[in-house]
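Below: one structure, written as structure tokens.
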Amino acid sequence: MEQSDLCPRVQKGMDLIGKRWIGLIIYQLLAGPQRFCAVQAALPISGRLLSERFKDLEYEGIVTRVVYPEIPVRIEYSLTEKGRALEPVVREIQKWSQEWIPMEQAAVLSE
């Protein structure tokens with residue numbers, strides 16, 4: 001296999017953001033801290049997979065998980081400073097998508 005000239009940091013960033021559902025989870029959390037069930041309700045994703053993605057994002061320092069000692073226990077997820085730094089990137093993808101992806105095509109892609 002031929003050695004890639006790609007910067008390892010760019011590759012790591014693209015691999016992370018390109019992982020299924022990660023970008024949409026970040027997009028959802030741009031609105032502010034949210035509970036697991038709110039994020040799950042907003043996205044067509046299983047609870048198991050969402051939990052896995054949250055763990056990935058926590059590990060990378062993009063999302064923080066806060067447990068409130070209430071009854072019942074309340075857990076909220078929010079973007080860290082590192083996660084918020086992705087907002088311009090996500091907003092540009094949103095802007096590009098609105099300009100270049102026809103609504104009919106978007107509906108077909110999400111099926």
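In the structure tokens, chains take the letters A, B, ... in the order shown, each chain's residues start at 1, and ligands count up from 1 in the order shown.
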Arg53 of chain A environment, 9 Å, only C-alpha atoms, sequence neighbours closer than 2 positions dropped, as a PyMOL selection string: chain A and resi 19-22+25+48-51+55-58
C-alpha atoms of the current selection, written as a JSON list (two decimals), in the first residue's frame:
```json
[["chain", "number", "residue", "atom", "x", "y", "z"],
["A", 19, "LYS", "CA", -18.16, 8.85, 11.33],
["A", 20, "ARG", "CA", -21.86, 8.10, 10.90],
["A", 21, "TRP", "CA", -24.09, 10.38, 13.03],
["A", 22, "ILE", "CA", -21.22, 12.35, 14.64],
["A", 25, "ILE", "CA", -25.04, 14.94, 16.94],
["A", 48, "ARG", "CA", -27.17, 1.86, 21.58],
["A", 49, "LEU", "CA", -25.49, 3.63, 18.67],
["A", 50, "LEU", "CA", -26.14, 7.09, 20.12],
["A", 51, "SER", "CA", -24.58, 5.98, 23.41],
["A", 55, "LYS", "CA", -18.68, 7.92, 24.30],
["A", 56, "ASP", "CA", -16.54, 8.57, 21.20],
["A", 57, "LEU", "CA", -17.21, 12.30, 21.44],
["A", 58, "GLU", "CA", -16.47, 12.36, 25.18]]
```
Considering only C-alpha atoms, return as a PyMOL selection string whatever protein or nucleic-acid residues lie within 9 Å of Leu29 of chain A, sequence-local ones (same chain, fewer than 5 positions apart) excluded. chain A and resi 24+34+39+63+77-79
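Here atom CA of Arg84 of chain A and atom CA of Thr64 of chain A stand 11.4 Å from one another.
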Would you please extract all helix (DSSP H, G or I) residues from chain A, as assigned by DSSP on the backbone, and give them as an MDAnalysis selection string? chainID A and resid 8:18 22:29 36:42 47:59 81:84 87:100 103:109
Report as a ChimeraX atom specification: the residues of chain A with a DSSP assignment of strand (DSSP E), based on the backbone of this structure. /A:34-35,63-68,74-79
Create the file for the chosen residues now, containing N, CA and C atoms and written as a PDB file, in the first residue's frame.
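Okay, selection.pdb is ready:
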```pdb
ATOM      1  N   GLN A  34     -28.327  19.131  26.082  1.00  0.00           N
ATOM      2  CA  GLN A  34     -29.533  18.349  25.860  1.00  0.00           C
ATOM      3  C   GLN A  34     -29.422  16.998  26.541  1.00  0.00           C
ATOM      4  N   ARG A  35     -30.563  16.475  26.892  1.00  0.00           N
ATOM      5  CA  ARG A  35     -30.622  15.139  27.461  1.00  0.00           C
ATOM      6  C   ARG A  35     -30.543  14.109  26.338  1.00  0.00           C
ATOM      7  N   VAL A  63     -17.491  16.500  23.581  1.00  0.00           N
ATOM      8  CA  VAL A  63     -18.747  16.550  24.341  1.00  0.00           C
ATOM      9  C   VAL A  63     -18.443  16.268  25.800  1.00  0.00           C
ATOM     10  N   THR A  64     -19.190  16.917  26.656  1.00  0.00           N
ATOM     11  CA  THR A  64     -19.083  16.635  28.081  1.00  0.00           C
ATOM     12  C   THR A  64     -20.430  16.107  28.567  1.00  0.00           C
ATOM     13  N   ARG A  65     -20.357  15.210  29.521  1.00  0.00           N
ATOM     14  CA  ARG A  65     -21.550  14.571  30.092  1.00  0.00           C
ATOM     15  C   ARG A  65     -21.638  15.011  31.544  1.00  0.00           C
ATOM     16  N   VAL A  66     -22.784  15.609  31.899  1.00  0.00           N
ATOM     17  CA  VAL A  66     -22.976  16.084  33.277  1.00  0.00           C
ATOM     18  C   VAL A  66     -24.127  15.308  33.893  1.00  0.00           C
ATOM     19  N   VAL A  67     -23.853  14.702  35.053  1.00  0.00           N
ATOM     20  CA  VAL A  67     -24.865  13.943  35.784  1.00  0.00           C
ATOM     21  C   VAL A  67     -25.332  14.800  36.955  1.00  0.00           C
ATOM     22  N   TYR A  68     -26.632  15.063  37.003  1.00  0.00           N
ATOM     23  CA  TYR A  68     -27.219  15.838  38.090  1.00  0.00           C
ATOM     24  C   TYR A  68     -27.791  14.874  39.122  1.00  0.00           C
ATOM     25  N   ARG A  74     -30.668  13.022  36.240  1.00  0.00           N
ATOM     26  CA  ARG A  74     -30.735  13.758  34.971  1.00  0.00           C
ATOM     27  C   ARG A  74     -29.322  13.851  34.411  1.00  0.00           C
ATOM     28  N   ILE A  75     -29.178  13.478  33.147  1.00  0.00           N
ATOM     29  CA  ILE A  75     -27.877  13.527  32.473  1.00  0.00           C
ATOM     30  C   ILE A  75     -28.014  14.420  31.253  1.00  0.00           C
ATOM     31  N   GLU A  76     -27.104  15.380  31.132  1.00  0.00           N
ATOM     32  CA  GLU A  76     -27.115  16.273  29.977  1.00  0.00           C
ATOM     33  C   GLU A  76     -25.779  16.203  29.255  1.00  0.00           C
ATOM     34  N   TYR A  77     -25.850  16.342  27.952  1.00  0.00           N
ATOM     35  CA  TYR A  77     -24.665  16.369  27.101  1.00  0.00           C
ATOM     36  C   TYR A  77     -24.547  17.764  26.506  1.00  0.00           C
ATOM     37  N   SER A  78     -23.326  18.259  26.455  1.00  0.00           N
ATOM     38  CA  SER A  78     -23.100  19.567  25.837  1.00  0.00           C
ATOM     39  C   SER A  78     -21.729  19.578  25.178  1.00  0.00           C
ATOM     40  N   LEU A  79     -21.556  20.534  24.283  1.00  0.00           N
ATOM     41  CA  LEU A  79     -20.281  20.671  23.595  1.00  0.00           C
ATOM     42  C   LEU A  79     -19.269  21.354  24.497  1.00  0.00           C
TER      43      LEU A  79
END
```
Can you pull out every residue within 12 Å of Glu87 of chain A, counting only C-alpha atoms, but drop anything in the same chain fewer than 2 positions away, and send it as a PyMOL selection string? chain A and resi 23-32+62+79-85+89-94
